[in-house]
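A.B. asks: What follows is run_39.pdb, made up of PDB, C-alpha atoms, pLDDT in the B column:
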ATOM      1  CA  SER B   1      50.065  94.207  17.473  1.00 47.00           C
ATOM      2  CA  THR B   2      48.827  93.118  20.883  1.00 48.00           C
ATOM      3  CA  ARG B   3      45.368  94.500  20.164  1.00 48.00           C
ATOM      4  CA  ALA B   4      44.735  91.908  17.447  1.00 50.00           C
ATOM      5  CA  ARG B   5      45.951  89.039  19.620  1.00 52.00           C
ATOM      6  CA  PHE B   6      44.110  90.141  22.762  1.00 48.00           C
ATOM      7  CA  PRO B   7      40.663  91.511  21.916  1.00 51.00           C
ATOM      8  CA  ARG B   8      39.018  93.652  24.528  1.00 54.00           C
ATOM      9  CA  ALA B   9      36.963  91.608  27.005  1.00 51.00           C
ATOM     10  CA  THR B  10      33.310  92.650  27.152  1.00 55.00           C
ATOM     11  CA  ASN B  11      32.547  90.538  30.194  1.00 56.00           C
ATOM     12  CA  HIS B  12      34.785  92.649  32.384  1.00 57.00           C
ATOM     13  CA  PRO B  13      32.949  93.969  35.500  1.00 59.00           C
ATOM     14  CA  THR B  14      33.334  97.590  34.410  1.00 60.00           C
ATOM     15  CA  ALA B  15      32.363  96.994  30.756  1.00 59.00           C
ATOM     16  CA  PRO B  16      28.652  97.890  31.207  1.00 58.00           C
ATOM     17  CA  LYS B  17      29.555 101.032  33.072  1.00 58.00           C
ATOM     18  CA  ARG B  18      31.972 102.078  30.338  1.00 58.00           C
ATOM     19  CA  ALA B  19      29.357 101.317  27.673  1.00 57.00           C
ATOM     20  CA  ALA B  20      26.795 103.439  29.499  1.00 53.00           C
ATOM     21  CA  LEU B  21      29.191 106.321  29.818  1.00 55.00           C
ATOM     22  CA  ARG B  22      30.058 106.028  26.136  1.00 56.00           C
ATOM     23  CA  ALA B  23      26.358 106.072  25.251  1.00 57.00           C
ATOM     24  CA  GLY B  24      26.052 109.413  27.016  1.00 59.00           C
ATOM     25  CA  GLU B  25      23.590 108.170  29.595  1.00 57.00           C
ATOM     26  CA  PRO B  26      24.490 107.848  33.242  1.00 62.00           C
ATOM     27  CA  MET B  27      24.431 104.319  34.619  1.00 64.00           C
ATOM     28  CA  PRO B  28      21.741 104.884  37.295  1.00 74.00           C
ATOM     29  CA  ALA B  29      19.279 106.140  34.660  1.00 74.00           C
ATOM     30  CA  ARG B  30      19.832 103.061  32.495  1.00 74.00           C
ATOM     31  CA  LEU B  31      19.394 100.794  35.516  1.00 79.00           C
ATOM     32  CA  THR B  32      16.196 102.594  36.490  1.00 82.00           C
ATOM     33  CA  ARG B  33      14.788 102.205  32.992  1.00 82.00           C
ATOM     34  CA  ALA B  34      15.746  98.510  32.900  1.00 83.00           C
ATOM     35  CA  MET B  35      14.155  97.905  36.315  1.00 85.00           C
ATOM     36  CA  LYS B  36      10.920  99.614  35.215  1.00 86.00           C
ATOM     37  CA  THR B  37      10.808  97.410  32.145  1.00 87.00           C
ATOM     38  CA  LEU B  38      11.469  94.325  34.238  1.00 87.00           C
ATOM     39  CA  VAL B  39       8.764  95.199  36.757  1.00 87.00           C
ATOM     40  CA  SER B  40       6.172  95.974  34.061  1.00 88.00           C
ATOM     41  CA  THR B  41       6.978  92.678  32.308  1.00 90.00           C
ATOM     42  CA  LYS B  42       6.615  90.791  35.582  1.00 89.00           C
ATOM     43  CA  VAL B  43       3.247  92.433  36.255  1.00 89.00           C
ATOM     44  CA  ALA B  44       2.023  91.575  32.754  1.00 90.00           C
ATOM     45  CA  VAL B  45       3.094  87.941  33.133  1.00 92.00           C
ATOM     46  CA  LEU B  46       1.429  87.634  36.525  1.00 92.00           C
ATOM     47  CA  GLU B  47      -1.798  89.206  35.210  1.00 92.00           C
ATOM     48  CA  GLY B  48      -1.780  86.800  32.242  1.00 91.00           C
ATOM     49  CA  ALA B  49      -1.266  83.843  34.551  1.00 93.00           C
ATOM     50  CA  ALA B  50      -4.116  84.968  36.804  1.00 93.00           C
ATOM     51  CA  GLN B  51      -6.411  85.365  33.799  1.00 93.00           C
ATOM     52  CA  ALA B  52      -5.447  81.914  32.485  1.00 94.00           C
ATOM     53  CA  ARG B  53      -6.090  80.405  35.913  1.00 93.00           C
ATOM     54  CA  ALA B  54      -9.531  82.053  36.104  1.00 94.00           C
ATOM     55  CA  THR B  55     -10.436  80.866  32.609  1.00 93.00           C
ATOM     56  CA  ALA B  56      -9.333  77.318  33.389  1.00 94.00           C
ATOM     57  CA  LEU B  57     -11.376  77.348  36.587  1.00 93.00           C
ATOM     58  CA  ALA B  58     -14.450  78.590  34.700  1.00 94.00           C
ATOM     59  CA  TYR B  59     -14.069  75.787  32.132  1.00 92.00           C
ATOM     60  CA  ALA B  60     -13.656  73.233  34.903  1.00 93.00           C
ATOM     61  CA  VAL B  61     -16.829  74.445  36.599  1.00 93.00           C
ATOM     62  CA  MET B  62     -18.737  74.289  33.290  1.00 93.00           C
ATOM     63  CA  ALA B  63     -17.484  70.757  32.650  1.00 93.00           C
ATOM     64  CA  GLN B  64     -18.507  69.695  36.140  1.00 93.00           C
ATOM     65  CA  LYS B  65     -22.002  71.147  35.669  1.00 92.00           C
ATOM     66  CA  ALA B  66     -22.321  69.374  32.308  1.00 90.00           C
ATOM     67  CA  ALA B  67     -21.260  66.074  33.864  1.00 91.00           C
ATOM     68  CA  TYR B  68     -23.796  66.447  36.675  1.00 91.00           C
ATOM     69  CA  SER B  69     -26.498  67.304  34.133  1.00 90.00           C
ATOM     70  CA  VAL B  70     -25.710  64.235  32.019  1.00 88.00           C
ATOM     71  CA  ARG B  71     -25.706  62.044  35.095  1.00 89.00           C
ATOM     72  CA  ALA B  72     -29.093  63.387  36.173  1.00 89.00           C
ATOM     73  CA  ASP B  73     -30.538  62.923  32.659  1.00 87.00           C
ATOM     74  CA  VAL B  74     -29.296  59.342  32.432  1.00 88.00           C
ATOM     75  CA  LYS B  75     -30.646  58.573  35.872  1.00 88.00           C
ATOM     76  CA  GLU B  76     -34.043  60.090  35.030  1.00 90.00           C
ATOM     77  CA  LYS B  77     -34.547  58.785  31.443  1.00 89.00           C
ATOM     78  CA  GLY B  78     -32.405  55.693  31.337  1.00 89.00           C
ATOM     79  CA  ILE B  79     -29.296  55.179  29.270  1.00 88.00           C
ATOM     80  CA  LYS B  80     -31.087  54.045  26.093  1.00 88.00           C
ATOM     81  CA  ALA B  81     -33.490  56.989  25.919  1.00 89.00           C
ATOM     82  CA  TRP B  82     -30.718  59.424  26.786  1.00 87.00           C
ATOM     83  CA  ALA B  83     -28.445  57.995  24.050  1.00 90.00           C
ATOM     84  CA  GLN B  84     -31.227  58.250  21.436  1.00 90.00           C
ATOM     85  CA  GLU B  85     -32.032  61.816  22.445  1.00 90.00           C
ATOM     86  CA  THR B  86     -28.364  62.781  22.429  1.00 89.00           C
ATOM     87  CA  GLY B  87     -27.875  61.168  19.011  1.00 90.00           C
ATOM     88  CA  ALA B  88     -30.803  63.106  17.554  1.00 90.00           C
ATOM     89  CA  LEU B  89     -29.478  66.318  19.056  1.00 90.00           C
ATOM     90  CA  ALA B  90     -26.010  65.634  17.646  1.00 92.00           C
ATOM     91  CA  LYS B  91     -27.535  65.096  14.193  1.00 92.00           C
ATOM     92  CA  THR B  92     -29.366  68.416  14.478  1.00 92.00           C
ATOM     93  CA  TYR B  93     -26.173  70.232  15.454  1.00 91.00           C
ATOM     94  CA  ALA B  94     -24.262  68.540  12.622  1.00 93.00           C
ATOM     95  CA  ASP B  95     -26.929  69.539  10.100  1.00 92.00           C
ATOM     96  CA  GLU B  96     -26.839  73.136  11.306  1.00 93.00           C
ATOM     97  CA  GLY B  97     -23.044  73.167  11.070  1.00 92.00           C
ATOM     98  CA  PHE B  98     -23.215  71.715   7.571  1.00 93.00           C
ATOM     99  CA  GLU B  99     -25.666  74.398   6.461  1.00 93.00           C
ATOM    100  CA  ILE B 100     -23.493  77.173   7.884  1.00 94.00           C
ATOM    101  CA  THR B 101     -20.419  75.739   6.176  1.00 94.00           C
ATOM    102  CA  ARG B 102     -22.269  75.330   2.873  1.00 93.00           C
ATOM    103  CA  THR B 103     -23.520  78.918   3.003  1.00 93.00           C
ATOM    104  CA  ARG B 104     -20.035  80.257   3.708  1.00 92.00           C
ATOM    105  CA  ALA B 105     -18.550  78.128   0.937  1.00 92.00           C
ATOM    106  CA  LYS B 106     -21.120  79.452  -1.562  1.00 91.00           C
ATOM    107  CA  LYS B 107     -20.321  83.037  -0.549  1.00 91.00           C
ATOM    108  CA  LEU B 108     -16.603  82.356  -0.919  1.00 90.00           C
ATOM    109  CA  ALA B 109     -17.011  80.648  -4.283  1.00 88.00           C
ATOM    110  CA  ALA B 110     -19.059  83.593  -5.554  1.00 91.00           C
ATOM    111  CA  GLN B 111     -16.158  86.008  -4.966  1.00 90.00           C
ATOM    112  CA  LYS B 112     -14.239  86.880  -8.115  1.00 90.00           C
ATOM    113  CA  SER B 113     -10.896  86.935  -6.272  1.00 89.00           C
ATOM    114  CA  PHE B 114     -11.440  83.393  -5.001  1.00 88.00           C
ATOM    115  CA  GLN B 115     -12.325  82.159  -8.478  1.00 89.00           C
ATOM    116  CA  THR B 116      -9.189  83.768  -9.902  1.00 90.00           C
ATOM    117  CA  THR B 117      -6.996  82.248  -7.214  1.00 90.00           C
ATOM    118  CA  ALA B 118      -8.534  78.796  -7.623  1.00 90.00           C
ATOM    119  CA  ALA B 119      -8.139  78.898 -11.415  1.00 90.00           C
ATOM    120  CA  SER B 120      -4.531  80.050 -11.145  1.00 91.00           C
ATOM    121  CA  ALA B 121      -3.709  77.354  -8.620  1.00 91.00           C
ATOM    122  CA  SER B 122      -5.332  74.681 -10.778  1.00 90.00           C
ATOM    123  CA  ALA B 123      -3.508  75.801 -13.916  1.00 89.00           C
ATOM    124  CA  GLY B 124      -0.214  75.926 -12.036  1.00 88.00           C
ATOM    125  CA  ALA B 125      -0.745  72.461 -10.601  1.00 89.00           C
ATOM    126  CA  VAL B 126      -1.509  71.037 -14.038  1.00 88.00           C
ATOM    127  CA  ALA B 127       1.512  72.711 -15.639  1.00 85.00           C
ATOM    128  CA  VAL B 128       3.993  71.881 -12.917  1.00 88.00           C
ATOM    129  CA  GLY B 129       2.544  68.411 -12.419  1.00 88.00           C
ATOM    130  CA  ALA B 130       2.849  67.612 -16.108  1.00 86.00           C
ATOM    131  CA  ALA B 131       6.407  68.914 -16.229  1.00 88.00           C
ATOM    132  CA  GLY B 132       7.311  66.917 -13.117  1.00 89.00           C
ATOM    133  CA  GLY B 133       5.715  63.802 -14.565  1.00 88.00           C
ATOM    134  CA  ALA B 134       7.629  64.196 -17.819  1.00 89.00           C
ATOM    135  CA  ALA B 135      10.894  64.693 -15.962  1.00 91.00           C
ATOM    136  CA  GLY B 136      10.188  61.634 -13.806  1.00 89.00           C
ATOM    137  CA  LEU B 137       9.319  59.573 -16.857  1.00 90.00           C
ATOM    138  CA  ALA B 138      12.534  60.524 -18.647  1.00 91.00           C
ATOM    139  CA  THR B 139      14.771  60.078 -15.616  1.00 92.00           C
ATOM    140  CA  GLY B 140      13.102  56.844 -14.553  1.00 90.00           C
ATOM    141  CA  GLY B 141      13.280  55.477 -18.083  1.00 91.00           C
ATOM    142  CA  ALA B 142      16.987  56.244 -18.357  1.00 92.00           C
ATOM    143  CA  LEU B 143      17.775  54.773 -14.955  1.00 91.00           C
ATOM    144  CA  GLY B 144      15.606  51.720 -15.663  1.00 89.00           C
ATOM    145  CA  ALA B 145      17.433  51.113 -18.954  1.00 91.00           C
ATOM    146  CA  MET B 146      20.774  51.427 -17.166  1.00 91.00           C
ATOM    147  CA  ALA B 147      19.577  48.995 -14.515  1.00 91.00           C
ATOM    148  CA  GLY B 148      18.647  46.523 -17.257  1.00 88.00           C
ATOM    149  CA  LEU B 149      22.063  46.696 -18.952  1.00 88.00           C
ATOM    150  CA  PRO B 150      23.860  44.112 -16.775  1.00 88.00           C
ATOM    151  CA  PHE B 151      21.187  41.516 -17.537  1.00 87.00           C
ATOM    152  CA  ALA B 152      21.160  42.166 -21.308  1.00 86.00           C
ATOM    153  CA  LEU B 153      23.543  39.295 -22.042  1.00 85.00           C
ATOM    154  CA  PHE B 154      21.285  36.812 -20.287  1.00 86.00           C
ATOM    155  CA  THR B 155      17.981  38.121 -21.683  1.00 85.00           C
ATOM    156  CA  PHE B 156      19.182  38.798 -25.234  1.00 86.00           C
ATOM    157  CA  GLY B 157      18.729  42.559 -24.713  1.00 86.00           C
ATOM    158  CA  LEU B 158      15.093  42.435 -23.539  1.00 89.00           C
ATOM    159  CA  SER B 159      15.994  43.588 -20.041  1.00 89.00           C
ATOM    160  CA  ILE B 160      16.895  47.071 -21.344  1.00 90.00           C
ATOM    161  CA  PRO B 161      13.421  48.068 -22.632  1.00 91.00           C
ATOM    162  CA  VAL B 162      11.721  46.263 -19.756  1.00 91.00           C
ATOM    163  CA  GLY B 163      13.889  48.193 -17.269  1.00 90.00           C
ATOM    164  CA  ALA B 164      13.147  51.430 -19.136  1.00 91.00           C
ATOM    165  CA  VAL B 165       9.391  50.804 -18.988  1.00 91.00           C
ATOM    166  CA  LEU B 166       9.490  49.898 -15.293  1.00 91.00           C
ATOM    167  CA  GLY B 167      11.738  52.846 -14.437  1.00 90.00           C
ATOM    168  CA  GLY B 168       9.664  55.254 -16.529  1.00 88.00           C
ATOM    169  CA  GLY B 169       6.454  54.085 -14.896  1.00 88.00           C
ATOM    170  CA  THR B 170       7.987  54.503 -11.473  1.00 88.00           C
ATOM    171  CA  GLY B 171       9.319  57.954 -12.378  1.00 85.00           C
ATOM    172  CA  LEU B 172       5.945  59.013 -13.777  1.00 81.00           C
ATOM    173  CA  ALA B 173       4.155  57.985 -10.608  1.00 78.00           C
TER
END
Give the structure from the file, written as structure tokens.

C.D. replies:
Amino acid sequence: STRARFPRATNHPTAPKRAALRAGEPMPARLTRAMKTLVSTKVAVLEGAAQARATALAYAVMAQKAAYSVRADVKEKGIKAWAQETGALAKTYADEGFEITRTRAKKLAAQKSFQTTAASASAGAVAVGAAGGAAGLATGGALGAMAGLPFALFTFGLSIPVGAVLGGGTGLA
């Protein structure tokens, strides 16, 4: 049939109009709804861009103030004194961050659900790791022995076990 050879073109200029009429909605209403969606999306994008621009400007102003403050401190105290003071302050901040992290880690480790998850993950890693190691050892040993076969005539057969040991060790790793 001609229908199978020539499928209906959906990029025909009247195809959207026919689709709208088939959907039971008049074309102007669909266009109005699409335009409203487009306008609201455009407004949202423009508002997001304006907010991003304002945030970036605020960060730039803060960075500029910090740079001026550092410059004034260095000029007033000298570079050596400023570096020592800044180093001590950095150590204080690092110690505070370490204490916060340690406290959170202790709280997390005290939770029964975390302990269960950690134990399950450890047991799974041991089981799967051992199985993977055994498979690697067997496969590597077999391939190493096969690799040693061609040299068996020259080494009086010693290349086969040596190849198996080397291959097994490589497969185990």

A.B. asks: Using all atoms of range 138-148 of chain B that appear in the file, construct an axis-aligned enclosing box with 4 Å of padding on every side and provide its centre coordinates and edge lengths in Å, rounded to one decimal, as AutoDock Vina command-line options.

C.D. replies:
--center_x 16.7 --center_y 53.5 --center_z -16.7 --size_x 16.2 --size_y 22.0 --size_z 12.4

A.B. asks: Would you kindly translate the PyMOL selection byres ((chain B and resi 170) around 9) into the concrete residues it picks from this file, as a list in words?

C.D. replies: Gly136, Leu137, Gly140, Gly141, Val165, Leu166, Gly167, Gly168, Gly169, Gly171, Leu172 and Ala173 of chain B

A.B. asks: Please measure the separation of CA of Arg33 in chain B and CA of Gly48 in chain B, giving the value in Å to one decimal.

C.D. replies: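 Rounded to one decimal, the two atoms are 22.6 Å apart.
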
A.B. asks: Between CA of Ile160 in chain B and CA of Ala138 in chain B, what is the distance in Å, rounded to a tenth?

C.D. replies: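 According to the coordinates, CA of Ile160 in chain B and CA of Ala138 in chain B are separated by 14.4 Å.
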
A.B. asks: Could you jot down the CA of Val74 in chain B to CA of Gly87 in chain B separation for me, Å, one decimal place?

C.D. replies: 13.6 Å

A.B. asks: For the file shown, report as a VMD selection string the outcome of the PyMOL selection byres ((chain B and resi 148) around 9) at residue level.

C.D. replies: chain B and resid 143 to 147 149 to 152 157 to 164

A.B. asks: Quick one: write out the picked residues with C-alpha atoms as a CSV table (one decimal), keeping the file's coordinate frame?

C.D. replies:
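Writing done, so here's selection.csv:
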chain,number,residue,atom,x,y,z
B,143,LEU,CA,17.8,54.8,-15.0
B,144,GLY,CA,15.6,51.7,-15.7
B,145,ALA,CA,17.4,51.1,-19.0
B,146,MET,CA,20.8,51.4,-17.2
B,147,ALA,CA,19.6,49.0,-14.5
B,149,LEU,CA,22.1,46.7,-19.0
B,150,PRO,CA,23.9,44.1,-16.8
B,151,PHE,CA,21.2,41.5,-17.5
B,152,ALA,CA,21.2,42.2,-21.3
B,157,GLY,CA,18.7,42.6,-24.7
B,158,LEU,CA,15.1,42.4,-23.5
B,159,SER,CA,16.0,43.6,-20.0
B,160,ILE,CA,16.9,47.1,-21.3
B,161,PRO,CA,13.4,48.1,-22.6
B,162,VAL,CA,11.7,46.3,-19.8
B,163,GLY,CA,13.9,48.2,-17.3
B,164,ALA,CA,13.1,51.4,-19.1

A.B. asks: Would you save range 71-83 of chain B to a file, keeping N, CA, C and O atoms, as a PDB file, in the first residue's frame?

C.D. replies:
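Wrote it out as out.pdb, contents follow:
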ATOM      1  N   ARG B  71      46.794  44.232  52.903  1.00  0.00           N
ATOM      2  CA  ARG B  71      47.821  45.198  52.503  1.00  0.00           C
ATOM      3  C   ARG B  71      48.112  46.174  53.642  1.00  0.00           C
ATOM      4  O   ARG B  71      49.279  46.483  53.940  1.00  0.00           O
ATOM      5  N   ALA B  72      47.054  46.642  54.296  1.00  0.00           N
ATOM      6  CA  ALA B  72      47.242  47.587  55.401  1.00  0.00           C
ATOM      7  C   ALA B  72      47.958  46.917  56.574  1.00  0.00           C
ATOM      8  O   ALA B  72      48.849  47.520  57.198  1.00  0.00           O
ATOM      9  N   ASP B  73      47.587  45.646  56.868  1.00  0.00           N
ATOM     10  CA  ASP B  73      48.253  44.927  57.961  1.00  0.00           C
ATOM     11  C   ASP B  73      49.734  44.711  57.667  1.00  0.00           C
ATOM     12  O   ASP B  73      50.580  44.878  58.549  1.00  0.00           O
ATOM     13  N   VAL B  74      50.056  44.318  56.462  1.00  0.00           N
ATOM     14  CA  VAL B  74      51.451  44.092  56.092  1.00  0.00           C
ATOM     15  C   VAL B  74      52.236  45.392  56.171  1.00  0.00           C
ATOM     16  O   VAL B  74      53.374  45.423  56.650  1.00  0.00           O
ATOM     17  N   LYS B  75      51.619  46.460  55.724  1.00  0.00           N
ATOM     18  CA  LYS B  75      52.295  47.754  55.743  1.00  0.00           C
ATOM     19  C   LYS B  75      52.538  48.213  57.184  1.00  0.00           C
ATOM     20  O   LYS B  75      53.594  48.767  57.506  1.00  0.00           O
ATOM     21  N   GLU B  76      51.575  47.947  58.065  1.00  0.00           N
ATOM     22  CA  GLU B  76      51.671  48.393  59.452  1.00  0.00           C
ATOM     23  C   GLU B  76      52.628  47.516  60.273  1.00  0.00           C
ATOM     24  O   GLU B  76      53.472  48.029  61.016  1.00  0.00           O
ATOM     25  N   LYS B  77      52.527  46.183  60.145  1.00  0.00           N
ATOM     26  CA  LYS B  77      53.282  45.260  61.005  1.00  0.00           C
ATOM     27  C   LYS B  77      54.578  44.767  60.377  1.00  0.00           C
ATOM     28  O   LYS B  77      55.459  44.289  61.089  1.00  0.00           O
ATOM     29  N   GLY B  78      54.644  44.795  59.086  1.00  0.00           N
ATOM     30  CA  GLY B  78      55.787  44.195  58.407  1.00  0.00           C
ATOM     31  C   GLY B  78      55.412  42.788  57.969  1.00  0.00           C
ATOM     32  O   GLY B  78      54.564  42.131  58.566  1.00  0.00           O
ATOM     33  N   ILE B  79      56.074  42.316  56.943  1.00  0.00           N
ATOM     34  CA  ILE B  79      55.689  41.042  56.345  1.00  0.00           C
ATOM     35  C   ILE B  79      55.953  39.877  57.289  1.00  0.00           C
ATOM     36  O   ILE B  79      55.163  38.936  57.366  1.00  0.00           O
ATOM     37  N   LYS B  80      57.062  39.924  58.046  1.00  0.00           N
ATOM     38  CA  LYS B  80      57.409  38.805  58.918  1.00  0.00           C
ATOM     39  C   LYS B  80      56.395  38.666  60.051  1.00  0.00           C
ATOM     40  O   LYS B  80      55.906  37.566  60.332  1.00  0.00           O
ATOM     41  N   ALA B  81      56.086  39.754  60.718  1.00  0.00           N
ATOM     42  CA  ALA B  81      55.126  39.712  61.823  1.00  0.00           C
ATOM     43  C   ALA B  81      53.738  39.303  61.316  1.00  0.00           C
ATOM     44  O   ALA B  81      53.028  38.521  61.966  1.00  0.00           O
ATOM     45  N   TRP B  82      53.370  39.840  60.167  1.00  0.00           N
ATOM     46  CA  TRP B  82      52.060  39.489  59.606  1.00  0.00           C
ATOM     47  C   TRP B  82      51.996  37.998  59.273  1.00  0.00           C
ATOM     48  O   TRP B  82      50.994  37.334  59.546  1.00  0.00           O
ATOM     49  N   ALA B  83      53.064  37.443  58.690  1.00  0.00           N
ATOM     50  CA  ALA B  83      53.087  36.023  58.331  1.00  0.00           C
ATOM     51  C   ALA B  83      53.007  35.155  59.582  1.00  0.00           C
ATOM     52  O   ALA B  83      52.295  34.138  59.595  1.00  0.00           O
TER      53      ALA B  83
END
